[in-house]
>>> print(open('structure-v3.tsv').read())   # TSV, C-alpha atoms
chain	number	residue	atom	x	y	z
A	1	MET	CA	-12.14	92.87	-82.04
A	2	SER	CA	-9.17	90.72	-82.95
A	3	LYS	CA	-8.37	87.77	-80.76
A	4	LYS	CA	-5.49	88.36	-78.35
A	5	GLN	CA	-2.38	86.46	-79.41
A	6	PRO	CA	-0.94	84.19	-76.71
A	7	THR	CA	2.39	85.18	-75.22
A	8	ARG	CA	5.45	82.97	-75.68
A	9	GLY	CA	5.05	81.85	-72.08
A	10	GLU	CA	1.42	80.90	-72.62
A	11	SER	CA	2.24	79.00	-75.80
A	12	LEU	CA	5.02	77.10	-74.07
A	13	ALA	CA	2.77	76.30	-71.11
A	14	LYS	CA	0.07	74.93	-73.42
A	15	ALA	CA	2.62	72.82	-75.26
A	16	ILE	CA	3.96	71.35	-72.02
A	17	ILE	CA	0.45	70.62	-70.72
A	18	SER	CA	-0.55	69.08	-74.05
A	19	GLU	CA	2.52	66.85	-74.10
A	20	TYR	CA	2.67	65.78	-70.44
A	21	LYS	CA	-0.97	66.16	-69.33
A	22	PRO	CA	-0.01	66.83	-65.68
A	23	LYS	CA	-2.67	66.04	-63.09
A	24	ASN	CA	-0.98	67.54	-60.03
A	25	VAL	CA	1.95	69.66	-58.88
A	26	GLU	CA	4.33	66.69	-58.85
A	27	ASP	CA	3.50	65.90	-62.48
A	28	MET	CA	4.18	69.53	-63.40
A	29	GLN	CA	7.52	69.47	-61.56
A	30	ASN	CA	8.52	66.34	-63.49
A	31	ALA	CA	7.51	68.00	-66.76
A	32	LEU	CA	9.60	71.04	-65.96
A	33	LYS	CA	12.60	68.85	-65.17
A	34	ASP	CA	12.28	67.28	-68.63
A	35	VAL	CA	12.22	70.76	-70.17
A	36	PHE	CA	15.07	72.22	-68.09
A	37	GLY	CA	17.62	69.60	-69.17
A	38	PRO	CA	17.33	70.20	-72.95
A	39	MET	CA	17.19	73.97	-72.37
A	40	PHE	CA	20.49	73.95	-70.49
A	41	GLU	CA	22.08	71.61	-73.01
A	42	ALA	CA	20.97	73.78	-75.96
A	43	MET	CA	22.44	76.87	-74.30
A	44	LEU	CA	25.70	75.03	-73.59
A	45	HIS	CA	25.91	73.88	-77.23
A	46	GLY	CA	25.47	77.49	-78.29
A	47	GLU	CA	28.32	78.52	-76.02
A	48	MET	CA	30.53	75.77	-77.45
A	49	GLU	CA	29.81	76.87	-81.03
A	50	ASN	CA	30.71	80.43	-80.10
A	51	HIS	CA	33.90	79.19	-78.38
A	52	LEU	CA	35.05	77.10	-81.36
A	53	GLY	CA	33.87	79.56	-84.00
A	54	TYR	CA	31.86	77.12	-86.11
A	55	ASP	CA	28.53	75.25	-86.02
A	56	ASN	CA	28.34	71.60	-85.08
A	57	ASN	CA	27.42	70.47	-88.62
A	58	GLU	CA	29.80	72.79	-90.46
A	59	ARG	CA	31.94	70.80	-92.94
A	60	GLY	CA	34.35	73.40	-94.29
A	61	GLU	CA	37.87	74.26	-93.20
A	62	LYS	CA	38.06	75.39	-89.57
A	63	GLU	CA	40.05	78.32	-88.20
A	64	THR	CA	41.06	76.33	-85.12
A	65	VAL	CA	42.46	72.84	-84.54
A	66	ASN	CA	40.38	72.55	-81.37
A	67	ARG	CA	37.40	70.21	-81.74
A	68	ARG	CA	34.47	68.89	-79.76
A	69	ASN	CA	35.37	65.96	-77.53
A	70	GLY	CA	32.22	64.32	-76.25
A	71	TYR	CA	30.43	65.17	-73.04
A	72	ASN	CA	30.72	65.28	-69.29
A	73	HIS	CA	27.67	64.12	-67.39
A	74	LYS	CA	26.38	66.32	-64.58
A	75	THR	CA	23.31	66.42	-62.35
A	76	LEU	CA	21.96	69.90	-61.66
A	77	LYS	CA	19.90	70.95	-58.67
A	78	THR	CA	17.07	73.18	-59.96
A	79	SER	CA	13.98	74.69	-58.37
A	80	ALA	CA	12.05	71.78	-59.92
A	81	GLY	CA	14.39	69.09	-58.59
A	82	GLU	CA	17.49	67.29	-59.89
A	83	VAL	CA	18.08	67.36	-63.65
A	84	PRO	CA	20.77	65.29	-65.47
A	85	ILE	CA	22.50	67.05	-68.38
A	86	ASN	CA	25.36	66.43	-70.80
A	87	VAL	CA	27.94	69.21	-70.88
A	88	PRO	CA	29.96	69.43	-74.15
A	89	ARG	CA	33.71	69.48	-73.85
A	90	ASP	CA	36.57	70.33	-76.22
A	91	ARG	CA	39.91	68.62	-76.87
A	92	ASP	CA	42.22	71.20	-75.35
A	93	GLY	CA	40.02	71.88	-72.32
A	94	SER	CA	39.78	75.62	-72.96
A	95	PHE	CA	35.95	75.72	-72.99
A	96	GLU	CA	34.65	77.65	-69.97
A	97	PRO	CA	30.83	77.46	-69.97
A	98	GLN	CA	28.97	80.39	-68.42
A	99	VAL	CA	25.37	79.19	-68.27
A	100	VAL	CA	26.42	76.29	-66.05
A	101	GLN	CA	29.99	76.86	-65.00
A	102	LYS	CA	32.52	74.12	-64.27
A	103	ARG	CA	31.92	72.49	-60.88
A	104	GLN	CA	28.57	74.32	-60.59
A	105	THR	CA	25.77	71.88	-59.73
A	106	ASP	CA	23.13	74.20	-58.20
A	107	VAL	CA	21.17	76.50	-60.52
A	108	SER	CA	18.16	76.89	-58.22
A	109	SER	CA	19.41	80.15	-56.77
A	110	ILE	CA	17.51	82.77	-58.77
A	111	GLU	CA	15.06	83.11	-55.89
A	112	GLY	CA	17.98	83.46	-53.49
A	113	LYS	CA	19.59	86.09	-55.71
A	114	VAL	CA	16.34	88.07	-55.83
A	115	LEU	CA	16.12	87.96	-52.04
A	116	ALA	CA	19.76	89.02	-51.71
A	117	MET	CA	19.27	91.97	-54.06
A	118	TYR	CA	16.08	92.96	-52.25
A	119	ALA	CA	17.92	92.72	-48.92
A	120	ARG	CA	20.53	95.13	-50.28
A	121	GLY	CA	17.88	97.74	-51.04
A	122	MET	CA	17.57	97.30	-54.81
A	123	SER	CA	14.26	98.42	-56.26
A	124	GLN	CA	12.02	95.94	-58.08
A	125	ARG	CA	12.88	97.66	-61.36
A	126	ASP	CA	16.63	97.31	-60.71
A	127	ILE	CA	16.21	93.66	-59.70
A	128	SER	CA	14.27	92.93	-62.89
A	129	SER	CA	16.96	94.62	-65.02
A	130	THR	CA	19.75	92.75	-63.24
A	131	ILE	CA	18.08	89.35	-63.69
A	132	ASP	CA	17.50	90.19	-67.34
A	133	ASP	CA	21.19	91.11	-67.78
A	134	ILE	CA	22.43	87.91	-66.10
A	135	TYR	CA	19.85	85.31	-67.16
A	136	GLY	CA	18.23	86.84	-70.23
A	137	PHE	CA	14.64	86.97	-68.96
A	138	LYS	CA	12.55	89.50	-67.05
A	139	LEU	CA	10.76	89.20	-63.73
A	140	SER	CA	7.73	91.41	-63.21
A	141	ALA	CA	7.19	93.48	-60.06
A	142	GLY	CA	4.51	90.97	-59.08
A	143	GLN	CA	6.86	88.01	-59.50
A	144	ILE	CA	9.55	89.72	-57.44
A	145	SER	CA	7.00	90.53	-54.73
A	146	ASN	CA	5.87	86.89	-54.71
A	147	ILE	CA	9.47	85.70	-54.34
A	148	THR	CA	10.17	88.09	-51.45
A	149	ASP	CA	6.83	87.24	-49.83
A	150	CYS	CA	8.15	83.72	-49.30
A	151	VAL	CA	9.92	85.01	-46.18
A	152	LEU	CA	6.73	86.29	-44.52
A	153	ASP	CA	6.00	83.09	-42.59
A	154	GLU	CA	9.64	82.93	-41.50
A	155	LEU	CA	9.51	86.63	-40.54
A	156	ASN	CA	6.35	86.12	-38.47
A	157	GLU	CA	7.94	83.17	-36.69
A	158	TRP	CA	11.08	85.23	-35.99
A	159	GLN	CA	9.07	88.19	-34.67
A	160	ASN	CA	7.26	85.96	-32.18
A	161	ARG	CA	10.03	83.55	-31.24
A	162	PRO	CA	10.87	82.96	-27.55
A	163	LEU	CA	13.80	85.06	-26.33
A	164	LYS	CA	16.50	84.24	-23.80
A	165	ALA	CA	15.74	84.85	-20.14
A	166	PHE	CA	18.68	87.19	-19.56
A	167	TYR	CA	20.65	89.68	-21.63
A	168	PRO	CA	23.58	91.42	-19.89
A	169	PHE	CA	23.33	94.29	-22.39
A	170	ILE	CA	20.67	95.57	-24.75
A	171	PHE	CA	20.84	98.60	-27.00
A	172	VAL	CA	17.71	100.43	-28.15
A	173	ASP	CA	17.21	102.94	-30.93
A	174	CYS	CA	14.78	104.07	-33.63
A	175	ILE	CA	15.28	104.55	-37.33
A	176	TYR	CA	12.84	106.56	-39.45
A	177	VAL	CA	11.71	105.37	-42.89
A	178	SER	CA	9.27	106.76	-45.44
A	179	MET	CA	5.92	104.98	-45.80
A	180	ARG	CA	2.96	105.69	-48.06
A	181	THR	CA	-0.34	106.28	-46.29
A	182	GLU	CA	-3.77	107.55	-47.31
A	183	GLN	CA	-2.59	111.04	-46.35
A	184	GLY	CA	0.59	110.77	-48.45
A	185	VAL	CA	4.17	109.85	-47.63
A	186	SER	CA	5.14	110.19	-43.95
A	187	ASP	CA	8.04	109.16	-41.72
A	188	GLN	CA	7.51	106.01	-39.68
A	189	ALA	CA	9.57	105.10	-36.61
A	190	VAL	CA	10.99	101.57	-36.58
A	191	TYR	CA	12.00	100.45	-33.08
A	192	VAL	CA	15.02	98.16	-32.93
A	193	ILE	CA	16.59	96.26	-30.01
A	194	LEU	CA	20.02	94.63	-30.17
A	195	GLY	CA	20.91	92.22	-27.37
A	196	TYR	CA	24.16	90.66	-26.14
A	197	ASP	CA	23.67	87.26	-24.52
A	198	LEU	CA	25.77	85.54	-21.84
A	199	ASN	CA	28.11	84.12	-24.51
A	200	GLY	CA	28.75	87.51	-26.08
A	201	GLY	CA	26.57	86.70	-29.07
A	202	LYS	CA	24.52	89.39	-30.82
A	203	ASP	CA	20.82	89.12	-31.61
A	204	VAL	CA	18.24	91.57	-32.94
A	205	LEU	CA	15.34	90.90	-30.57
A	206	GLY	CA	12.67	92.32	-32.84
A	207	LEU	CA	11.26	95.13	-34.95
A	208	TRP	CA	8.33	97.37	-34.08
A	209	THR	CA	6.78	100.45	-35.68
A	210	GLY	CA	5.14	103.62	-34.44
A	211	ASP	CA	4.28	107.07	-35.74
A	212	THR	CA	7.05	108.58	-33.59
A	213	GLU	CA	9.50	107.47	-30.91
A	214	SER	CA	7.89	107.74	-27.48
A	215	LYS	CA	8.21	106.47	-23.92
A	216	HIS	CA	4.81	104.76	-24.10
A	217	ARG	CA	5.62	102.83	-27.27
A	218	TRP	CA	8.96	101.74	-25.78
A	219	MET	CA	7.11	100.47	-22.70
A	220	GLN	CA	4.88	98.39	-24.97
A	221	VAL	CA	7.98	97.01	-26.70
A	222	PHE	CA	9.65	96.14	-23.38
A	223	ASP	CA	6.43	94.51	-22.19
A	224	GLU	CA	6.36	92.39	-25.35
A	225	ILE	CA	9.93	91.11	-25.02
A	226	LYS	CA	9.13	90.26	-21.40
A	227	SER	CA	6.12	88.22	-22.55
A	228	ARG	CA	8.45	86.43	-24.99
A	229	GLY	CA	10.66	85.23	-22.16
A	230	VAL	CA	13.06	88.00	-21.12
A	231	GLN	CA	13.15	88.05	-17.31
A	232	ASP	CA	16.12	90.30	-16.59
A	233	ILE	CA	18.36	92.82	-18.36
A	234	GLY	CA	21.68	94.05	-17.00
A	235	PHE	CA	22.11	97.34	-18.86
A	236	ILE	CA	20.08	99.27	-21.40
A	237	SER	CA	22.11	101.70	-23.49
A	238	MET	CA	19.90	104.34	-25.06
A	239	ASP	CA	19.56	107.83	-26.44
A	240	GLY	CA	17.75	110.44	-24.39
A	241	VAL	CA	14.05	109.83	-25.08
A	242	SER	CA	12.14	111.63	-22.32
A	243	GLY	CA	10.76	109.19	-19.76
A	244	LEU	CA	12.36	106.10	-21.35
A	245	GLU	CA	14.48	105.35	-18.30
A	246	ASP	CA	11.47	105.27	-15.95
A	247	GLY	CA	9.50	103.27	-18.53
A	248	ALA	CA	12.24	100.65	-18.83
A	249	LYS	CA	12.55	100.30	-15.04
A	250	ALA	CA	8.78	99.87	-14.74
A	251	ILE	CA	9.11	96.65	-16.80
A	252	PHE	CA	12.60	95.49	-15.72
A	253	LYS	CA	13.08	96.86	-12.21
A	254	ASN	CA	16.72	95.73	-11.79
A	255	VAL	CA	18.04	97.25	-15.01
A	256	VAL	CA	20.63	100.04	-15.18
A	257	VAL	CA	19.82	102.56	-17.91
A	258	GLN	CA	22.85	104.20	-19.48
A	259	ARG	CA	22.69	107.34	-21.59
A	260	CYS	CA	24.87	107.14	-24.68
A	261	ILE	CA	27.94	109.30	-24.15
A	262	VAL	CA	28.36	109.83	-27.89
A	263	HIS	CA	24.84	111.32	-28.08
A	264	LEU	CA	25.62	113.60	-25.14
A	265	ILE	CA	28.71	114.82	-27.01
A	266	ARG	CA	26.63	115.52	-30.13
A	267	ASN	CA	23.95	117.32	-28.10
A	268	SER	CA	26.50	119.53	-26.35
A	269	LEU	CA	28.31	120.38	-29.60
A	270	LYS	CA	25.16	122.16	-30.76
A	271	TYR	CA	26.17	124.96	-28.40
A	272	VAL	CA	29.85	125.09	-29.42
A	273	PRO	CA	31.30	126.92	-32.45
A	274	SER	CA	33.01	124.59	-34.91
A	275	LYS	CA	36.38	126.22	-34.32
A	276	ASP	CA	36.33	124.85	-30.73
A	277	TYR	CA	35.10	121.32	-31.51
A	278	LYS	CA	38.51	119.67	-31.32
A	279	ALA	CA	39.59	121.22	-28.02
A	280	PHE	CA	36.12	120.79	-26.48
A	281	THR	CA	35.85	117.07	-27.30
A	282	ALA	CA	39.46	116.43	-26.26
A	283	GLN	CA	38.70	117.73	-22.77
A	284	LEU	CA	35.45	115.75	-22.63
A	285	ARG	CA	37.42	112.59	-23.38
A	286	LYS	CA	39.40	113.13	-20.17
A	287	ILE	CA	36.12	112.85	-18.21
A	288	TYR	CA	34.60	109.62	-19.51
A	289	GLY	CA	38.04	108.16	-20.24
A	290	ALA	CA	39.33	108.76	-16.71
A	291	ILE	CA	40.85	105.88	-14.75
A	292	ASN	CA	38.38	106.17	-11.85
A	293	LEU	CA	35.44	108.20	-10.57
A	294	LYS	CA	37.60	110.65	-8.62
A	295	GLY	CA	39.58	111.43	-11.74
A	296	ALA	CA	36.37	111.88	-13.77
A	297	GLN	CA	34.91	114.29	-11.20
A	298	ALA	CA	38.11	116.34	-11.13
A	299	ALA	CA	38.23	116.45	-14.95
A	300	PHE	CA	34.58	117.52	-15.02
A	301	GLU	CA	35.24	120.47	-12.70
A	302	GLN	CA	38.11	121.58	-14.94
A	303	PHE	CA	35.89	121.14	-18.00
A	304	CYS	CA	33.11	123.32	-16.54
A	305	ASP	CA	35.60	126.09	-15.70
A	306	ALA	CA	37.32	125.95	-19.08
A	307	TRP	CA	34.10	126.09	-21.13
A	308	SER	CA	31.85	128.27	-18.95
A	309	LYS	CA	31.38	130.62	-21.93
A	310	TYR	CA	29.13	127.93	-23.44
A	311	PRO	CA	26.51	127.40	-20.68
A	312	GLY	CA	24.22	125.40	-22.98
A	313	ALA	CA	26.91	122.81	-23.54
A	314	ILE	CA	27.78	122.68	-19.82
A	315	ARG	CA	24.10	122.22	-18.95
A	316	VAL	CA	23.88	119.08	-21.13
A	317	TRP	CA	26.63	117.44	-19.08
A	318	LYS	CA	25.47	118.66	-15.67
A	319	ASP	CA	21.96	117.32	-16.31
A	320	ASN	CA	23.37	113.91	-17.25
A	321	PHE	CA	26.54	113.62	-15.20
A	322	ARG	CA	25.10	110.80	-13.09
A	323	HIS	CA	25.23	108.68	-16.27
A	324	VAL	CA	28.95	109.41	-16.47
A	325	GLU	CA	29.46	108.68	-12.77
A	326	GLN	CA	27.68	105.30	-12.89
A	327	LEU	CA	30.10	104.12	-15.59
A	328	PHE	CA	32.80	103.97	-12.91
A	329	ASN	CA	30.82	101.45	-10.86
A	330	TYR	CA	32.14	98.87	-13.34
A	331	GLY	CA	35.45	97.77	-14.84
A	332	SER	CA	36.92	99.37	-17.93
A	333	ASP	CA	35.88	96.54	-20.27
A	334	VAL	CA	32.26	96.79	-19.13
A	335	ARG	CA	32.39	100.58	-19.50
A	336	ARG	CA	33.53	100.24	-23.10
A	337	VAL	CA	30.46	98.10	-23.89
A	338	MET	CA	27.82	100.15	-22.07
A	339	TYR	CA	28.81	103.78	-22.65
A	340	THR	CA	27.68	104.09	-26.29
A	341	THR	CA	24.92	102.90	-28.62
A	342	ASN	CA	27.39	102.52	-31.50
A	343	ALA	CA	26.58	98.80	-31.70
A	344	ILE	CA	22.93	99.37	-32.61
A	345	GLU	CA	23.73	102.42	-34.70
A	346	SER	CA	25.84	100.08	-36.82
A	347	VAL	CA	22.77	97.86	-37.27
A	348	ASN	CA	20.65	100.86	-38.22
A	349	SER	CA	23.33	102.00	-40.63
A	350	SER	CA	22.94	98.64	-42.33
A	351	PHE	CA	19.18	99.25	-42.51
A	352	ARG	CA	19.67	102.70	-44.04
A	353	LYS	CA	21.46	101.12	-46.97
A	354	VAL	CA	18.21	99.36	-47.91
A	355	THR	CA	15.79	102.27	-47.43
A	356	LYS	CA	16.99	104.19	-50.49
A	357	GLN	CA	14.50	102.50	-52.82
A	358	GLY	CA	11.84	105.06	-51.83
A	359	ALA	CA	8.73	104.99	-49.67
A	360	PHE	CA	7.50	101.61	-48.42
A	361	SER	CA	3.93	100.61	-49.20
A	362	ASN	CA	3.13	99.31	-45.71
A	363	GLU	CA	4.57	97.96	-42.46
A	364	THR	CA	4.96	94.47	-43.93
A	365	ALA	CA	7.18	95.81	-46.71
A	366	ILE	CA	9.40	97.52	-44.11
A	367	PHE	CA	9.71	94.40	-41.96
A	368	LYS	CA	10.36	92.19	-44.98
A	369	VAL	CA	13.40	94.10	-46.24
A	370	PHE	CA	14.74	94.73	-42.70
A	371	TYR	CA	14.42	91.04	-41.82
A	372	LEU	CA	16.34	90.01	-44.94
A	373	ARG	CA	19.05	92.46	-43.89
A	374	ILE	CA	19.08	91.00	-40.36
A	375	LYS	CA	19.61	87.51	-41.82
A	376	GLU	CA	22.72	88.84	-43.54
A	377	LEU	CA	23.90	90.35	-40.23
A	378	TYR	CA	23.40	86.99	-38.52
A	379	GLN	CA	25.72	85.36	-41.06
A	380	LYS	CA	28.31	88.05	-40.38
A	381	TRP	CA	28.02	87.65	-36.60
A	382	ARG	CA	27.99	83.84	-36.53
A	383	GLY	CA	30.95	82.47	-34.61
A	384	HIS	CA	32.06	85.90	-33.37
A	385	SER	CA	31.62	87.22	-29.83
A	386	ILE	CA	32.11	90.71	-28.44
A	387	ARG	CA	35.72	91.85	-28.16
A	388	ASN	CA	37.27	91.04	-24.75
A	389	TRP	CA	34.05	89.29	-23.71
A	390	ALA	CA	35.84	87.06	-21.21
A	391	MET	CA	37.11	90.15	-19.36
A	392	VAL	CA	33.64	91.72	-19.53
A	393	MET	CA	32.16	88.64	-17.84
A	394	ASN	CA	34.90	88.59	-15.20
A	395	GLN	CA	34.07	92.18	-14.32
A	396	LEU	CA	30.31	91.52	-14.31
A	397	VAL	CA	30.40	88.53	-11.96
A	398	ILE	CA	32.04	90.53	-9.15
A	399	ASP	CA	29.27	93.13	-9.23
A	400	GLU	CA	26.70	92.52	-6.47
A	401	ARG	CA	23.67	93.27	-8.68
A	402	ILE	CA	24.50	91.79	-12.06
A	403	GLY	CA	26.80	89.06	-10.73
A	404	THR	CA	23.79	87.48	-9.04
A	405	MET	CA	21.91	87.53	-12.35
A	406	VAL	CA	24.83	86.02	-14.25
A	407	GLN	CA	25.16	83.13	-11.79
A	408	LYS	CA	21.39	82.54	-11.76
A	409	TYR	CA	21.00	82.34	-15.54
A	410	GLN	CA	24.24	80.51	-16.20
A	411	ALA	CA	23.06	77.81	-13.79
A	412	SER	CA	19.75	77.51	-15.64
A	413	THR	CA	21.29	76.97	-19.09
>>> encode(input="structure-v3.tsv", output="structure tokens")
Amino acid sequence: MSKKQPTRGESLAKAIISEYKPKNVEDMQNALKDVFGPMFEAMLHGEMENHLGYDNNERGEKETVNRRNGYNHKTLKTSAGEVPINVPRDRDGSFEPQVVQKRQTDVSSIEGKVLAMYARGMSQRDISSTIDDIYGFKLSAGQISNITDCVLDELNEWQNRPLKAFYPFIFVDCIYVSMRTEQGVSDQAVYVILGYDLNGGKDVLGLWTGDTESKHRWMQVFDEIKSRGVQDIGFISMDGVSGLEDGAKAIFKNVVVQRCIVHLIRNSLKYVPSKDYKAFTAQLRKIYGAINLKGAQAAFEQFCDAWSKYPGAIRVWKDNFRHVEQLFNYGSDVRRVMYTTNAIESVNSSFRKVTKQGAFSNETAIFKVFYLRIKELYQKWRGHSIRNWAMVMNQLVIDERIGTMVQKYQAST
């Protein structure tokens, strides 16, 4: 059997070890810094030759009057530390290097770019191809996995971090993703909670999984966030999981559970022919968009009379009308926040963009890509509060139940 030939990477590694004889990680980092500088400089010289159209040592007549004009000195931040390099320049200043662009001093971001691509739902194969296109080298699936695994400690810390004592509003929902199991590929429920704090800031309180969405699993989730510091919740906006309201109140006895009006609309439209959708929803809007409770009740009576030919649709609203009525216990700005789960559906929509890469191998893989997506959401939310939050708080503080909570927890911060 012929002896296996070493790869280029193995040959280079042996050469570096033979030359530098590193004894520890720090020695290896210093060796890599020595290698990185000449590599970057060689690539920049190649770009300059291509820009000018002739080699450095070429003596013949040149097609351009532009010439080399010395060097600019620059210190690069790399994954191995700071590396000084000399960047060639030309006389007329038209050279625009691409390997290390003008004013660029940080080239340590390949790991960050891999994480960003992974967070956007790119498959390992697509990430490897993209890195190859940009940087001219390939990353294996194992290398990409190792890079993305670097967030696992951070993810674990985030999942178990202490939460705030009070959230005026939380929104709960599940998203289903495909996961490979011993029995094959199956759908897995991922439980998500979005919270609004006293300052109108958004926070994803955590991620949990289960085979399906159920009251009992939600109770376990609520119990966990309570153990992580949540003492009170003002409102929970939710879809209609059977028993979820009672389960939530068993953990947070003072909470008001609000059924999502948008989900009620969707559920009732199942019983309405498409030709009547527009007129049906327009009359519904007069109910939940009424100025006060009396107006909503009057609009509901008219609605029931007008659409009695669709008893299934009417039944959806009769069974849940108390959730419409309780909206009018609060001011219009509070109603606009609590009446729909659109806020968390927007978060889940962001998650769906990163679940197109196929079935996940395990729960950790799901959490890893979702957490990277959440970090991007945090950047988007930073410095922004909920629209009209000052008016929302003004309307909350005059409510006997939640106003007491607001004053209690504002005093403790």
>>> closest_atom_pairs(input="structure-v3.tsv", of="segment 174-271 of chain A", to="segment 355-373 of chain A", cutoff="6 Å", atoms="all atoms listed in the file", output="Markdown table")
| residue | atom | partner | partner_atom | distance |
| --- | --- | --- | --- | --- |
| A:Ser178 | CA | A:Ala359 | CA | 4.6 |
| A:Met179 | CA | A:Phe360 | CA | 4.6 |
| A:Arg180 | CA | A:Ser361 | CA | 5.3 |
>>> residues_near_point(input="structure-v3.tsv", point="(18.6, 101.0, -34.0)", cutoff="12 Å", atoms="only C-alpha atoms", output="mmCIF file with C-alpha atoms, keeping the file's coordinate frame")
data_model
loop_
_atom_site.group_PDB
_atom_site.id
_atom_site.type_symbol
_atom_site.label_atom_id
_atom_site.label_comp_id
_atom_site.auth_asym_id
_atom_site.auth_seq_id
_atom_site.Cartn_x
_atom_site.Cartn_y
_atom_site.Cartn_z
ATOM 1 C CA ILE A 170 20.670 95.570 -24.750
ATOM 2 C CA PHE A 171 20.840 98.600 -27.000
ATOM 3 C CA VAL A 172 17.710 100.430 -28.150
ATOM 4 C CA ASP A 173 17.210 102.940 -30.930
ATOM 5 C CA CYS A 174 14.780 104.070 -33.630
ATOM 6 C CA ILE A 175 15.280 104.550 -37.330
ATOM 7 C CA TYR A 176 12.840 106.560 -39.450
ATOM 8 C CA ALA A 189 9.570 105.100 -36.610
ATOM 9 C CA VAL A 190 10.990 101.570 -36.580
ATOM 10 C CA TYR A 191 12.000 100.450 -33.080
ATOM 11 C CA VAL A 192 15.020 98.160 -32.930
ATOM 12 C CA ILE A 193 16.590 96.260 -30.010
ATOM 13 C CA LEU A 194 20.020 94.630 -30.170
ATOM 14 C CA GLY A 195 20.910 92.220 -27.370
ATOM 15 C CA VAL A 204 18.240 91.570 -32.940
ATOM 16 C CA LEU A 205 15.340 90.900 -30.570
ATOM 17 C CA GLY A 206 12.670 92.320 -32.840
ATOM 18 C CA LEU A 207 11.260 95.130 -34.950
ATOM 19 C CA TRP A 208 8.330 97.370 -34.080
ATOM 20 C CA THR A 209 6.780 100.450 -35.680
ATOM 21 C CA GLU A 213 9.500 107.470 -30.910
ATOM 22 C CA SER A 237 22.110 101.700 -23.490
ATOM 23 C CA MET A 238 19.900 104.340 -25.060
ATOM 24 C CA ASP A 239 19.560 107.830 -26.440
ATOM 25 C CA THR A 341 24.920 102.900 -28.620
ATOM 26 C CA ASN A 342 27.390 102.520 -31.500
ATOM 27 C CA ALA A 343 26.580 98.800 -31.700
ATOM 28 C CA ILE A 344 22.930 99.370 -32.610
ATOM 29 C CA GLU A 345 23.730 102.420 -34.700
ATOM 30 C CA SER A 346 25.840 100.080 -36.820
ATOM 31 C CA VAL A 347 22.770 97.860 -37.270
ATOM 32 C CA ASN A 348 20.650 100.860 -38.220
ATOM 33 C CA SER A 349 23.330 102.000 -40.630
ATOM 34 C CA SER A 350 22.940 98.640 -42.330
ATOM 35 C CA PHE A 351 19.180 99.250 -42.510
ATOM 36 C CA ARG A 352 19.670 102.700 -44.040
ATOM 37 C CA PHE A 370 14.740 94.730 -42.700
ATOM 38 C CA ILE A 374 19.080 91.000 -40.360
#
>>> atom_distance(input="structure-v3.tsv", atom1="atom CA of Asn292 of chain A", atom2="atom CA of Asn329 of chain A")
9.0 Å
>>> atom_distance(input="structure-v3.tsv", atom1="atom CA of Ala282 of chain A", atom2="atom CA of Arg322 of chain A")
20.3 Å
>>> atom_distance(input="structure-v3.tsv", atom1="atom CA of Tyr310 of chain A", atom2="atom CA of Val257 of chain A")
27.6 Å
>>> residues_near_point(input="structure-v3.tsv", point="(12.5, 85.7, -20.3)", cutoff="10 Å", atoms="all atoms listed in the file", output="list in words")
Pro162, Leu163, Lys164, Ala165, Phe166, Tyr167, Ile225, Lys226, Ser227, Arg228, Gly229, Val230, Gln231, Asp232 and Ile233 of chain A
>>> closest_residue(input="structure-v3.tsv", among="A:Ser308, A:Gln395, A:Asn86, A:Gln297", to="Val337 of chain A", atoms="only C-alpha atoms")
A:Gln395
>>> closest_residue(input="structure-v3.tsv", among="A:Trp307, A:Phe252, A:Phe235, A:Phe321", to="Asp276 of chain A", atoms="all atoms listed in the file")
A:Trp307
>>> closest_residue(input="structure-v3.tsv", among="A:Tyr339, A:Tyr71, A:Tyr409, A:Tyr378", to="Arg89 of chain A", atoms="only C-alpha atoms")
A:Tyr71
>>> residues_around(input="structure-v3.tsv", residues="His323 of chain A", least_positions_apart="4", cutoff="12 Å", atoms="all atoms listed in the file", output="PyMOL selection string")
chain A and resi 236-240+245+256-261+264+287-288+293+296+316-319+327-329+335+338-340
>>> write_last_selection(input="structure-v3.tsv", atoms="C-alpha atoms", output="CSV table (one decimal), in the coordinates of the input")
chain,number,residue,atom,x,y,z
A,236,ILE,CA,20.1,99.3,-21.4
A,237,SER,CA,22.1,101.7,-23.5
A,238,MET,CA,19.9,104.3,-25.1
A,239,ASP,CA,19.6,107.8,-26.4
A,240,GLY,CA,17.8,110.4,-24.4
A,245,GLU,CA,14.5,105.4,-18.3
A,256,VAL,CA,20.6,100.0,-15.2
A,257,VAL,CA,19.8,102.6,-17.9
A,258,GLN,CA,22.8,104.2,-19.5
A,259,ARG,CA,22.7,107.3,-21.6
A,260,CYS,CA,24.9,107.1,-24.7
A,261,ILE,CA,27.9,109.3,-24.2
A,264,LEU,CA,25.6,113.6,-25.1
A,287,ILE,CA,36.1,112.8,-18.2
A,288,TYR,CA,34.6,109.6,-19.5
A,293,LEU,CA,35.4,108.2,-10.6
A,296,ALA,CA,36.4,111.9,-13.8
A,316,VAL,CA,23.9,119.1,-21.1
A,317,TRP,CA,26.6,117.4,-19.1
A,318,LYS,CA,25.5,118.7,-15.7
A,319,ASP,CA,22.0,117.3,-16.3
A,327,LEU,CA,30.1,104.1,-15.6
A,328,PHE,CA,32.8,104.0,-12.9
A,329,ASN,CA,30.8,101.4,-10.9
A,335,ARG,CA,32.4,100.6,-19.5
A,338,MET,CA,27.8,100.2,-22.1
A,339,TYR,CA,28.8,103.8,-22.6
A,340,THR,CA,27.7,104.1,-26.3
